[in-house]
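What follows is one structure encoded as structure tokens, with my remarks underneath.
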There are 2 protein chains.
Amino acid sequence: MPQPDQSLELSPAEFEEMGHQVLRCLSVFLKSLPQQPAADLEGADERAEEFREDLPEAGTPLDSLLEAFFGRAVPKAYNCASPGYLAYVPGGGLPHAALADLMSDITNRYVNVWTAAPAMAQIESSVIGWFCDIVGYPQGAGGYLASGGSMANFSALAAARSDRLPENFLQGTLYASDQVHHCVHKAARMAGFPADNLRVVPSLPDFRIDTRALQRMIEEDAALGRTPFLVVGSAGTTNTGAVDDLQELARICRQHSLWLHVDAAYGGFFMLTERGRRRMKGLALADSIALDPHKGLFLPYGTGCLLARDPQALRKAHSERASYMPPMRDDLSQVDFCDVSPELSRGFRGLRVWLPLKMHGIGPFRRNLQEKLDLAEMAAQELATMKEIEVVAPPQLSLLAFRLKPHHLEDPQQLNQLNRQFLECINSQSRLVFLTGTTVGRRFLIRICVLCFRTHRETLDIALDDIRKALREVRSRILQS
Amino acid sequence: MPQPDQSLELSPAEFEEMGHQVLRCLSVFLKSLPQQPAADLEGADERAEEFREDLPEAGTPLDSLLEAFFGRAVPKAYNCASPGYLAYVPGGGLPHAALADLMSDITNRYVNVWTAAPAMAQIESSVIGWFCDIVGYPQGAGGYLASGGSMANFSALAAARSDRLPENFLQGTLYASDQVHHCVHKAARMAGFPADNLRVVPSLPDFRIDTRALQRMIEEDAALGRTPFLVVGSAGTTNTGAVDDLQELARICRQHSLWLHVDAAYGGFFMLTERGRRRMKGLALADSIALDPHKGLFLPYGTGCLLARDPQALRKAHSERASYMPPMRDDLSQVDFCDVSPELSRGFRGLRVWLPLKMHGIGPFRRNLQEKLDLAEMAAQELATMKEIEVVAPPQLSLLAFRLKPHHLEDPQQLNQLNRQFLECINSQSRLVFLTGTTVGRRFLIRICVLCFRTHRETLDIALDDIRKALREVRSRILQS
């Protein structure tokens with residue numbers, strides 16, 4: 001006779017109590033966030049070792065687990081939620097979205113087929129519709145929410161391939177600048193393209209794609225019997241925030257009948273601002289666009305998005321039916337997301353976007369993004385006044401890159417070495433801001449990316465102050481040596 | 001001058017208050033769960049329409065949003081969290097995991113590169129290690145957590161392709177039974193294989209792959225100059241829960257030097273039970289295994305898993321470096337998950353597995369799975385006693401399929417029509433259980449899949465009762481006509 005085990009079933013009261021306990025810990029975390037270091041890896045590997053353990057036979061009280069997690073694991077990491085996290089591409093982790101995930105998880109609806117949860121699917125569809133509006137797509141455009149930008153870029157590539165190339169697609173060539181995000185190279189490999197089929201187009205001194213070189217490369221490939229089919233433009237590169245000339249890319253793609261995909265994972269939501277729309281003019285001409293709400297809409301990690309002017313192209317690449325599945329729709333106004341995307345079972349990503357946007361309206365998001373643009377602009381201006389600081393990439397959006405370039409120092413390796421020390425020195429000042437670097441061409445650059453909703457003027461002031469102090473320190477070290 | 005907008009920044013107190021409000025709603029939801037219909041789509045499309053709306057300029061109070069979500073959206077759906085959801089492949093949505101997601105989201109650490117959050121990466125690594133133990137993998141095996149089974153199967157396929165085939169891989173052929181999950185077909189297309197390259201191997205009357213036919217097909221393809229490289233076995237098909245003969249598949253793959261991947265998304269965690277280990281003997285011989293913790297570990301949707309005996313093969317397929325990235329490790333004991341998987345930025349999936357397993361130990365999971373096996377067995381025995389009920393697929397694990405087969409009725413179409421009505425009639429009885437059907441070969445079958453942690457004996461009794469009542473109704477209708 002089956003023996004019931006009910007120990008995993010929290011009663012509503014037990015659940016609420018456990019919830020309160022977790023909320024208290026999170027509230028303490030949020031309270032101390034502005035004072036927390038923006039990155040703290042001291043002894044982090046040793047802490048990690050404490051979490052290396054065998055499959056537990058016995059249970060551990062929640063108290064100790066919360067204590068271990070918040071006390072010993074959380075602090076020793078990049079603090080991606082902190083206002084001073086100006087590294088990589090920040091997001092932030094909107095608390096509203098976190099509570100929305102809690103709601104999604106407990107109710108556990110299946111949204112990837114319309115019939116299984118029509119109102120939830122519609123909530124997610126509405127979000128997709130809003131994103132289409134934001135990028136300027138016409139009626140009829142569509143898409144889906146992915147786990148992040150990598151998967152969105154991958155399925156754009158799979159869609160373009162299935163739309164434009166024959167089954168034997170190995171003659172197909174695709175084009176992106178040398179500044180494109182590496183997930184595009186990864187996507188091409190996953191989709192089965194030999195590495196060489198992705199043509200790396202040089203970029204101009206402002207890090208935007210060299211469209212003349214692109215045009216030439218396409219024509220050369222076509223002349224050699226290859227089949228150019230896709231150009232991937234960037235609306236905000238990760239290196240320096242460069243935005244390709246999207247209008248010109250669209251013109252070239254139209255001329256050669258190529259699919260234009262734009263990776264706007266970092267930059268896309270700046271379309272909410274006037275400056276962003278000017279920078280990304282032509283974005284709506286793209287056949288597909290990757291966005292990352294966990295960047296430009298400040299969500300916690302876990303939500304990317306792929307939009308397509310013609311969602312039928314996504315369906316053509318991804319639709320696959322089976323008799324054990326719920327009944328599917330053929331009407332894209334009641335879309336089965338599994339039909340236009342790679343995943344079948346997956347979480348309900350729409351609610352974490354919907355709840356904050358519904359609670360606040362789009363206004364605060366627009367104003368926050370505007371503020372981030374202004375802050376980056378201001379930081380660049382301040383940096384330009386500092387002696388021997390070269391602003392190598394002024395902000396095209398909210399990301400800029402600079403380096404220390406003493407007049408007497410020309411050797412590239414020594415310069416890079418110096419700037420690596422400079423970066424380390426900046427990050428060791430207040431510890432309240434955290435910057436990262438990158439190597440572009442042969443130059444090591446220090447980046448500032450302003451994108452977290454918690455980042456305001458005072459944080460940038462701390463950052464600039466840390467930079468000034470580090471500059472003095474590094475200079476005096478140079479003088480001494 | 002940058003104008004700060006702080007309206008998205010909940011103070012710790014505001015966050016806690018909002019959290020309490022959400023918890024109260026969820027507690028009410030959980031309280032009523034046993035009485036909720038297991039599926040309710042009446043008027044669902046109309047309800048969905050209410051959520052079709054433009055990008056909101058103004059905000060809406062949280063109260064109304066919670067009221068709309070819980071009152072109008074949640075009830076009109078498949079109730080995948082309910083004990084009576086015996087449809088498709090249930091999961092359940094463990095509340096502990098939901099709270100873990102809340103913790104992940106608010107702290108918003110980036111776990112996909114070790115350096116960015118070593119203890120979190122280790123928490124996820126520990127989970128992967130536990131899964132390796134559960135399936136019986138040796139030391140040195142590894143893997144990562146995916147968004148679900150589809151992505152896990154896809155990246156297994158991409159790894160096998162890059163490990164076993166040349167850049168021009170279009171001569172590569174892969175093999176799976178006619179019962180394999182359709183996401184394997186989808187994965188093959190996404191990876192660039194022409195549809196015909198996936199050879200569909202017939203299944204035996206018990207729905208397990210016909211290994212002799214497989215052997216023959218491999219040899220024929222090789223003789224024709226094709227390159228057989230991959231066999232995908234199933235450890236629990238979605239149609240009828242069939243488990244392929246994994247030992248024999250492993251033998252064939254060894255003989256022909258093929259990669260063996262096993263889709264154990266539904267069945268894998270039954271390796272925690274003695275019966276499951278017997279059924280899935282040979283699983284640990286597979287080169288890679290897809291698991292779905294959001295099925296067999298009862299998590300909310302959103303967590304799949306890919307394991308590989310040799311994680312270097314995953315790295316070979318997925319590793320891609322960039323200079324703006326954090327420093328990466330070359331030591332797989334401190335793994336950068338982005339290096340062995342398709343995604344870069346994504347949520348911290350490890351905590352939602354770790355927290356419930358740490359709180360309870362593995363015991364309750366094992367006992368729950370054992371109970372589900374027993375319940376399916378019991379249901380099959382009961383069904384076998386019902387007049388003119390044919391148990392077409394007795395449970396190999398916790399899934400079974402049956403149909404009504406009146407002695408006088410032989411016409412396949414009429415039989416299928418009758419069973420569709422029968423299914424509808426079952427689902428219209430108590431409304432507390434929900435079953436779904438599938439078509440296998442030419443037969444429409446009704447399925448019972450027992451997997452939710454909330455499903456116990458009393459639910460199965462209701463299900464059997466509904467079936468008996470529906471049987472009487474359908475019979476009397478037949479007699480009248």
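FYI, nothing fancy with the structure tokens labels: chains A, B, ... in order, residues from 1 per chain, ligands from 1 as they appear.
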
**Asked** Do you know which residues are at most 9 Å from Ala159 in chain A counting only C-alpha atoms, after dropping those on the same chain fewer than 3 positions away, and could you put them as JSON, numbers by chain?
**Response** {"A": [154, 155, 156, 162, 163, 164, 313, 314, 315, 316, 317, 318], "B": [190]}

Could you write out that same residue set with N, CA, C and O atoms as a PDB file, in the first residue's frame?
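Once written, again-v6.pdb looks like this:
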ATOM      1  N   PHE A 154      20.830  33.416 -30.204  1.00  0.00           N
ATOM      2  CA  PHE A 154      20.904  32.105 -30.856  1.00  0.00           C
ATOM      3  C   PHE A 154      19.654  31.825 -31.666  1.00  0.00           C
ATOM      4  O   PHE A 154      19.726  31.395 -32.817  1.00  0.00           O
ATOM      5  N   SER A 155      18.490  32.083 -31.098  1.00  0.00           N
ATOM      6  CA  SER A 155      17.315  31.674 -31.870  1.00  0.00           C
ATOM      7  C   SER A 155      17.037  32.625 -33.023  1.00  0.00           C
ATOM      8  O   SER A 155      16.426  32.230 -34.018  1.00  0.00           O
ATOM      9  N   ALA A 156      17.512  33.869 -32.920  1.00  0.00           N
ATOM     10  CA  ALA A 156      17.439  34.763 -34.080  1.00  0.00           C
ATOM     11  C   ALA A 156      18.253  34.167 -35.227  1.00  0.00           C
ATOM     12  O   ALA A 156      17.816  34.128 -36.381  1.00  0.00           O
ATOM     13  N   SER A 162      16.992  29.302 -41.065  1.00  0.00           N
ATOM     14  CA  SER A 162      15.919  28.494 -41.654  1.00  0.00           C
ATOM     15  C   SER A 162      15.107  29.308 -42.652  1.00  0.00           C
ATOM     16  O   SER A 162      14.499  28.766 -43.559  1.00  0.00           O
ATOM     17  N   ASP A 163      15.096  30.626 -42.483  1.00  0.00           N
ATOM     18  CA  ASP A 163      14.335  31.468 -43.418  1.00  0.00           C
ATOM     19  C   ASP A 163      15.092  31.702 -44.720  1.00  0.00           C
ATOM     20  O   ASP A 163      14.489  31.793 -45.782  1.00  0.00           O
ATOM     21  N   ARG A 164      16.426  31.789 -44.651  1.00  0.00           N
ATOM     22  CA  ARG A 164      17.169  32.260 -45.810  1.00  0.00           C
ATOM     23  C   ARG A 164      18.058  31.226 -46.491  1.00  0.00           C
ATOM     24  O   ARG A 164      18.570  31.466 -47.579  1.00  0.00           O
ATOM     25  N   ALA A 313       8.478  33.830 -39.074  1.00  0.00           N
ATOM     26  CA  ALA A 313       9.830  33.305 -39.304  1.00  0.00           C
ATOM     27  C   ALA A 313      10.336  32.568 -38.073  1.00  0.00           C
ATOM     28  O   ALA A 313      11.043  31.560 -38.188  1.00  0.00           O
ATOM     29  N   LEU A 314       9.966  33.059 -36.886  1.00  0.00           N
ATOM     30  CA  LEU A 314      10.345  32.345 -35.667  1.00  0.00           C
ATOM     31  C   LEU A 314       9.619  31.005 -35.609  1.00  0.00           C
ATOM     32  O   LEU A 314      10.190  29.978 -35.229  1.00  0.00           O
ATOM     33  N   ARG A 315       8.354  31.037 -35.994  1.00  0.00           N
ATOM     34  CA  ARG A 315       7.576  29.796 -35.955  1.00  0.00           C
ATOM     35  C   ARG A 315       8.150  28.768 -36.915  1.00  0.00           C
ATOM     36  O   ARG A 315       8.264  27.583 -36.596  1.00  0.00           O
ATOM     37  N   LYS A 316       8.506  29.243 -38.108  1.00  0.00           N
ATOM     38  CA  LYS A 316       9.045  28.329 -39.117  1.00  0.00           C
ATOM     39  C   LYS A 316      10.284  27.602 -38.582  1.00  0.00           C
ATOM     40  O   LYS A 316      10.503  26.421 -38.873  1.00  0.00           O
ATOM     41  N   ALA A 317      11.075  28.313 -37.793  1.00  0.00           N
ATOM     42  CA  ALA A 317      12.308  27.706 -37.279  1.00  0.00           C
ATOM     43  C   ALA A 317      12.066  26.818 -36.059  1.00  0.00           C
ATOM     44  O   ALA A 317      12.836  25.898 -35.810  1.00  0.00           O
ATOM     45  N   HIS A 318      11.019  27.090 -35.297  1.00  0.00           N
ATOM     46  CA  HIS A 318      10.908  26.454 -33.982  1.00  0.00           C
ATOM     47  C   HIS A 318       9.698  25.557 -33.782  1.00  0.00           C
ATOM     48  O   HIS A 318       9.628  24.826 -32.805  1.00  0.00           O
TER      49      HIS A 318
ATOM     50  N   MET B 190      17.429  22.804 -34.747  1.00  0.00           N
ATOM     51  CA  MET B 190      18.132  24.000 -34.280  1.00  0.00           C
ATOM     52  C   MET B 190      19.639  23.845 -34.472  1.00  0.00           C
ATOM     53  O   MET B 190      20.338  24.796 -34.784  1.00  0.00           O
TER      54      MET B 190
END

**Polymer residues at most 7 Å from range 45-51 of chain B, only C-alpha atoms, same-chain spacing of 3 or more positions, as an MDAnalysis selection string** = (chainID A and resid 118:119 122:123) or (chainID B and resid 72:73)

Next, write the just-selected residues to a file, as a CSV table (one decimal), in the first residue's frame, keeping all heavy atoms as the atom set.
chain,number,residue,atom,x,y,z
A,118,PRO,N,-4.4,30.8,-20.5
A,118,PRO,CA,-4.6,31.9,-21.5
A,118,PRO,C,-4.3,33.3,-20.9
A,118,PRO,O,-3.6,34.1,-21.6
A,118,PRO,CB,-6.1,31.8,-21.9
A,118,PRO,CG,-6.4,30.3,-21.7
A,118,PRO,CD,-5.6,29.9,-20.4
A,119,ALA,N,-4.7,33.6,-19.7
A,119,ALA,CA,-4.5,35.0,-19.2
A,119,ALA,C,-3.0,35.2,-18.9
A,119,ALA,O,-2.5,36.3,-19.2
A,119,ALA,CB,-5.3,35.2,-17.9
A,122,GLN,N,-1.4,35.7,-22.1
A,122,GLN,CA,-1.7,37.1,-22.6
A,122,GLN,C,-0.9,38.1,-21.9
A,122,GLN,O,-0.4,39.1,-22.5
A,122,GLN,CB,-3.2,37.4,-22.5
A,122,GLN,CG,-3.6,38.8,-22.9
A,122,GLN,CD,-3.2,39.1,-24.4
A,122,GLN,OE1,-3.5,38.3,-25.3
A,122,GLN,NE2,-2.4,40.1,-24.6
A,123,ILE,N,-0.7,37.9,-20.6
A,123,ILE,CA,0.2,38.9,-19.8
A,123,ILE,C,1.6,38.9,-20.5
A,123,ILE,O,2.1,40.0,-20.7
A,123,ILE,CB,0.3,38.4,-18.3
A,123,ILE,CG1,-1.0,38.8,-17.6
A,123,ILE,CG2,1.5,39.0,-17.7
A,123,ILE,CD1,-1.0,38.3,-16.1
B,72,ARG,N,-8.5,36.7,-11.4
B,72,ARG,CA,-9.1,36.6,-12.7
B,72,ARG,C,-8.1,35.8,-13.7
B,72,ARG,O,-8.6,35.3,-14.6
B,72,ARG,CB,-9.3,38.0,-13.3
B,72,ARG,CG,-10.2,38.9,-12.3
B,72,ARG,CD,-10.7,40.2,-12.9
B,72,ARG,NE,-11.6,40.0,-14.0
B,72,ARG,CZ,-12.8,39.6,-13.9
B,72,ARG,NH1,-13.4,39.4,-12.7
B,72,ARG,NH2,-13.6,39.5,-15.0
B,73,ALA,N,-6.8,35.9,-13.4
B,73,ALA,CA,-5.9,35.1,-14.3
B,73,ALA,C,-5.6,33.7,-13.9
B,73,ALA,O,-5.8,32.8,-14.6
B,73,ALA,CB,-4.6,35.9,-14.5

**Request:** Would you mind listing what lies within 10 Å of Asp465 in chain A as an MDAnalysis selection string, with only C-alpha atoms counted and same-chain residues fewer than 6 positions away left out?
**Result:** chainID A and resid 426 429:430 459 471

**Request:** Using DSSP on the backbone, list every residue of range 158-352 of chain B that comes out as strand (DSSP E), and give them as number ranges by chain.
**Result:** B: 172-177, 198-201, 227-234, 259-263, 288-291, 304-308

As a PDB file with N, CA, C and O atoms, in the first residue's frame, please: the residues near Val127 in chain A (cut-off 8 Å, only C-alpha atoms, same-chain neighbours under 2 positions excluded).
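Okay, this is what ended up in out.pdb:
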ATOM      1  N   ILE A 123      -0.664  37.939 -20.566  1.00  0.00           N
ATOM      2  CA  ILE A 123       0.198  38.867 -19.814  1.00  0.00           C
ATOM      3  C   ILE A 123       1.577  38.914 -20.488  1.00  0.00           C
ATOM      4  O   ILE A 123       2.139  39.983 -20.740  1.00  0.00           O
ATOM      5  N   GLU A 124       2.098  37.750 -20.823  1.00  0.00           N
ATOM      6  CA  GLU A 124       3.416  37.709 -21.472  1.00  0.00           C
ATOM      7  C   GLU A 124       3.342  38.308 -22.882  1.00  0.00           C
ATOM      8  O   GLU A 124       4.249  39.024 -23.309  1.00  0.00           O
ATOM      9  N   SER A 125       2.248  38.043 -23.583  1.00  0.00           N
ATOM     10  CA  SER A 125       2.059  38.635 -24.913  1.00  0.00           C
ATOM     11  C   SER A 125       1.973  40.153 -24.838  1.00  0.00           C
ATOM     12  O   SER A 125       2.482  40.846 -25.719  1.00  0.00           O
ATOM     13  N   GLY A 129       4.231  42.854 -26.691  1.00  0.00           N
ATOM     14  CA  GLY A 129       3.652  43.969 -27.461  1.00  0.00           C
ATOM     15  C   GLY A 129       4.245  45.308 -27.032  1.00  0.00           C
ATOM     16  O   GLY A 129       4.568  46.162 -27.867  1.00  0.00           O
ATOM     17  N   TRP A 130       4.408  45.485 -25.714  1.00  0.00           N
ATOM     18  CA  TRP A 130       5.008  46.732 -25.211  1.00  0.00           C
ATOM     19  C   TRP A 130       6.432  46.891 -25.741  1.00  0.00           C
ATOM     20  O   TRP A 130       6.846  47.981 -26.135  1.00  0.00           O
ATOM     21  N   PHE A 131       7.182  45.791 -25.722  1.00  0.00           N
ATOM     22  CA  PHE A 131       8.569  45.859 -26.194  1.00  0.00           C
ATOM     23  C   PHE A 131       8.590  46.197 -27.692  1.00  0.00           C
ATOM     24  O   PHE A 131       9.447  46.950 -28.149  1.00  0.00           O
ATOM     25  N   GLY A 350       6.882  36.323 -17.998  1.00  0.00           N
ATOM     26  CA  GLY A 350       6.164  37.568 -18.273  1.00  0.00           C
ATOM     27  C   GLY A 350       5.816  38.353 -17.023  1.00  0.00           C
ATOM     28  O   GLY A 350       5.862  39.588 -17.022  1.00  0.00           O
ATOM     29  N   VAL A 353       8.134  41.013 -15.589  1.00  0.00           N
ATOM     30  CA  VAL A 353       8.192  42.267 -16.346  1.00  0.00           C
ATOM     31  C   VAL A 353       6.903  43.054 -16.125  1.00  0.00           C
ATOM     32  O   VAL A 353       6.911  44.270 -15.917  1.00  0.00           O
ATOM     33  N   TRP A 354       5.800  42.331 -16.197  1.00  0.00           N
ATOM     34  CA  TRP A 354       4.472  42.947 -16.131  1.00  0.00           C
ATOM     35  C   TRP A 354       4.241  43.675 -14.817  1.00  0.00           C
ATOM     36  O   TRP A 354       3.796  44.832 -14.803  1.00  0.00           O
TER      37      TRP A 354
ATOM     38  N   LEU B  55       1.029  49.589 -23.433  1.00  0.00           N
ATOM     39  CA  LEU B  55       2.068  49.931 -22.457  1.00  0.00           C
ATOM     40  C   LEU B  55       1.522  50.991 -21.506  1.00  0.00           C
ATOM     41  O   LEU B  55       1.119  52.069 -21.939  1.00  0.00           O
TER      42      LEU B  55
END

Need to verify the contact set: Ala39 in chain B, 9 Å, only C-alpha atoms, exclusion of same-chain residues closer than 4 positions in sequence. Can you return it as a PDB file with N, CA and C atoms, in the first residue's frame?
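Saved to part12.pdb:
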ATOM      1  N   ALA A 116      -3.029  26.384 -21.996  1.00  0.00           N
ATOM      2  CA  ALA A 116      -2.763  25.932 -20.635  1.00  0.00           C
ATOM      3  C   ALA A 116      -2.962  27.037 -19.598  1.00  0.00           C
TER       4      ALA A 116
ATOM      5  N   PRO B  75      -7.067  31.442 -11.823  1.00  0.00           N
ATOM      6  CA  PRO B  75      -8.011  30.306 -11.778  1.00  0.00           C
ATOM      7  C   PRO B  75      -8.334  29.714 -13.147  1.00  0.00           C
ATOM      8  N   LYS B  76      -8.238  30.499 -14.207  1.00  0.00           N
ATOM      9  CA  LYS B  76      -8.667  30.023 -15.516  1.00  0.00           C
ATOM     10  C   LYS B  76      -7.479  29.455 -16.288  1.00  0.00           C
ATOM     11  N   ALA B  77      -7.094  28.271 -15.908  1.00  0.00           N
ATOM     12  CA  ALA B  77      -5.882  27.669 -16.480  1.00  0.00           C
ATOM     13  C   ALA B  77      -5.814  26.208 -16.084  1.00  0.00           C
ATOM     14  N   TYR B  78      -4.894  25.486 -16.678  1.00  0.00           N
ATOM     15  CA  TYR B  78      -4.518  24.194 -16.126  1.00  0.00           C
ATOM     16  C   TYR B  78      -3.916  24.470 -14.759  1.00  0.00           C
ATOM     17  N   ASN B  79      -4.340  23.743 -13.763  1.00  0.00           N
ATOM     18  CA  ASN B  79      -3.861  23.993 -12.408  1.00  0.00           C
ATOM     19  C   ASN B  79      -2.688  23.064 -12.102  1.00  0.00           C
ATOM     20  N   CYS B  80      -1.542  23.394 -12.692  1.00  0.00           N
ATOM     21  CA  CYS B  80      -0.387  22.483 -12.637  1.00  0.00           C
ATOM     22  C   CYS B  80       0.136  22.291 -11.220  1.00  0.00           C
ATOM     23  N   SER B  82      -1.902  21.663  -8.653  1.00  0.00           N
ATOM     24  CA  SER B  82      -2.904  20.947  -7.847  1.00  0.00           C
ATOM     25  C   SER B  82      -2.581  19.464  -7.736  1.00  0.00           C
ATOM     26  N   TYR B  85      -3.662  17.185 -10.697  1.00  0.00           N
ATOM     27  CA  TYR B  85      -3.118  17.393 -12.041  1.00  0.00           C
ATOM     28  C   TYR B  85      -2.294  16.155 -12.401  1.00  0.00           C
ATOM     29  N   ASN B 427     -12.951  14.033 -17.218  1.00  0.00           N
ATOM     30  CA  ASN B 427     -12.518  15.345 -16.735  1.00  0.00           C
ATOM     31  C   ASN B 427     -13.681  16.235 -16.293  1.00  0.00           C
ATOM     32  N   ARG B 431     -13.987  17.298 -11.393  1.00  0.00           N
ATOM     33  CA  ARG B 431     -13.136  18.445 -11.752  1.00  0.00           C
ATOM     34  C   ARG B 431     -11.891  18.547 -10.875  1.00  0.00           C
ATOM     35  N   LEU B 432     -11.727  17.635  -9.951  1.00  0.00           N
ATOM     36  CA  LEU B 432     -10.558  17.702  -9.068  1.00  0.00           C
ATOM     37  C   LEU B 432      -9.358  16.969  -9.653  1.00  0.00           C
ATOM     38  N   VAL B 433      -9.596  16.196 -10.695  1.00  0.00           N
ATOM     39  CA  VAL B 433      -8.463  15.588 -11.392  1.00  0.00           C
ATOM     40  C   VAL B 433      -8.543  15.950 -12.858  1.00  0.00           C
ATOM     41  N   PHE B 434      -7.393  15.952 -13.494  1.00  0.00           N
ATOM     42  CA  PHE B 434      -7.317  16.321 -14.907  1.00  0.00           C
ATOM     43  C   PHE B 434      -6.362  15.355 -15.589  1.00  0.00           C
TER      44      PHE B 434
END

**Asked** Leaving out range 361-369 of chain B and any residue of its chain fewer than 2 positions from it, which residues lie within 9 Å of it when counting only C-alpha atoms, given as number ranges by chain?
**Response** A: 3-8, 55-60; B: 269-273, 296-298, 356-359, 371-374, 398, 451-453

**Prompt:** CA of Arg403 in chain A to CA of Phe444 in chain A: how many Å, to one decimal?
**Reply:** 7.5 Å

**Request:** Pick out the residues sitting within 7 Å of range 197-210 of chain B, and hand them over as a PyMOL selection string; count only C-alpha atoms, and ignore anything fewer than 2 positions along from it in its own chain.
**Result:** chain B and resi 172-179+193-195+212-214+242-244+393

With N, CA, C and O atoms kept, could you save the residues just selected as a compact mmCIF listing (two decimals), in the first residue's frame?
# COMPACT_ATOMS: atom_id res chain seq x y z
N GLY B 172 26.20 13.40 -40.82
CA GLY B 172 25.99 12.79 -39.51
C GLY B 172 24.53 12.37 -39.33
O GLY B 172 23.62 13.13 -39.63
N THR B 173 24.34 11.16 -38.82
CA THR B 173 22.97 10.71 -38.57
C THR B 173 22.80 10.38 -37.09
O THR B 173 23.72 9.89 -36.44
N LEU B 174 21.59 10.66 -36.60
CA LEU B 174 21.30 10.38 -35.19
C LEU B 174 20.03 9.55 -35.12
O LEU B 174 19.22 9.55 -36.04
N TYR B 175 19.85 8.87 -34.01
CA TYR B 175 18.82 7.83 -33.90
C TYR B 175 18.02 8.00 -32.62
O TYR B 175 18.59 8.24 -31.55
N ALA B 176 16.71 7.89 -32.76
CA ALA B 176 15.84 7.89 -31.58
C ALA B 176 14.57 7.15 -31.96
O ALA B 176 14.25 7.04 -33.15
N SER B 177 13.86 6.67 -30.98
CA SER B 177 12.66 5.89 -31.30
C SER B 177 11.52 6.80 -31.72
O SER B 177 11.57 8.03 -31.55
N ASP B 178 10.48 6.20 -32.27
CA ASP B 178 9.30 6.98 -32.65
C ASP B 178 8.55 7.50 -31.42
O ASP B 178 7.57 8.22 -31.55
N GLN B 179 9.02 7.16 -30.25
CA GLN B 179 8.40 7.64 -29.00
C GLN B 179 9.20 8.77 -28.36
O GLN B 179 8.81 9.28 -27.30
N PHE B 193 20.70 20.09 -38.36
CA PHE B 193 20.58 18.83 -39.09
C PHE B 193 19.35 18.84 -39.98
O PHE B 193 18.26 19.21 -39.51
N PRO B 194 19.50 18.43 -41.25
CA PRO B 194 18.31 18.24 -42.08
C PRO B 194 17.39 17.22 -41.38
O PRO B 194 17.88 16.30 -40.71
N ALA B 195 16.08 17.40 -41.55
CA ALA B 195 15.10 16.59 -40.81
C ALA B 195 15.38 15.09 -40.97
O ALA B 195 15.26 14.32 -40.01
N ARG B 212 17.03 -4.00 -32.17
CA ARG B 212 17.52 -4.70 -33.37
C ARG B 212 17.36 -3.83 -34.60
O ARG B 212 18.24 -3.76 -35.44
N ALA B 213 16.23 -3.16 -34.68
CA ALA B 213 16.02 -2.24 -35.80
C ALA B 213 17.07 -1.14 -35.77
O ALA B 213 17.63 -0.76 -36.81
N LEU B 214 17.34 -0.64 -34.58
CA LEU B 214 18.36 0.41 -34.42
C LEU B 214 19.70 -0.07 -34.97
O LEU B 214 20.34 0.62 -35.78
N ALA B 242 7.53 4.96 -21.32
CA ALA B 242 8.41 3.83 -21.63
C ALA B 242 9.87 4.17 -21.37
O ALA B 242 10.32 5.28 -21.63
N VAL B 243 10.58 3.18 -20.84
CA VAL B 243 12.02 3.32 -20.61
C VAL B 243 12.75 2.40 -21.57
O VAL B 243 12.57 1.18 -21.52
N ASP B 244 13.55 2.97 -22.45
CA ASP B 244 14.30 2.14 -23.40
C ASP B 244 15.27 1.22 -22.66
O ASP B 244 15.63 1.47 -21.51
N ALA B 393 -0.63 0.62 -21.73
CA ALA B 393 0.75 0.80 -21.24
C ALA B 393 0.75 0.77 -19.73
O ALA B 393 0.51 1.78 -19.08

**Prompt:** Tell me, which residues of range 368-467 of chain A carry DSSP alpha helix (DSSP H), written as JSON, numbers by chain?
**Reply:** {"A": [368, 369, 370, 371, 372, 373, 374, 375, 376, 377, 378, 379, 380, 381, 382, 383, 384, 385, 412, 413, 414, 415, 416, 417, 418, 419, 420, 421, 422, 423, 424, 425, 426, 427, 457, 458, 459, 460, 461, 462, 463, 464, 465, 466, 467]}
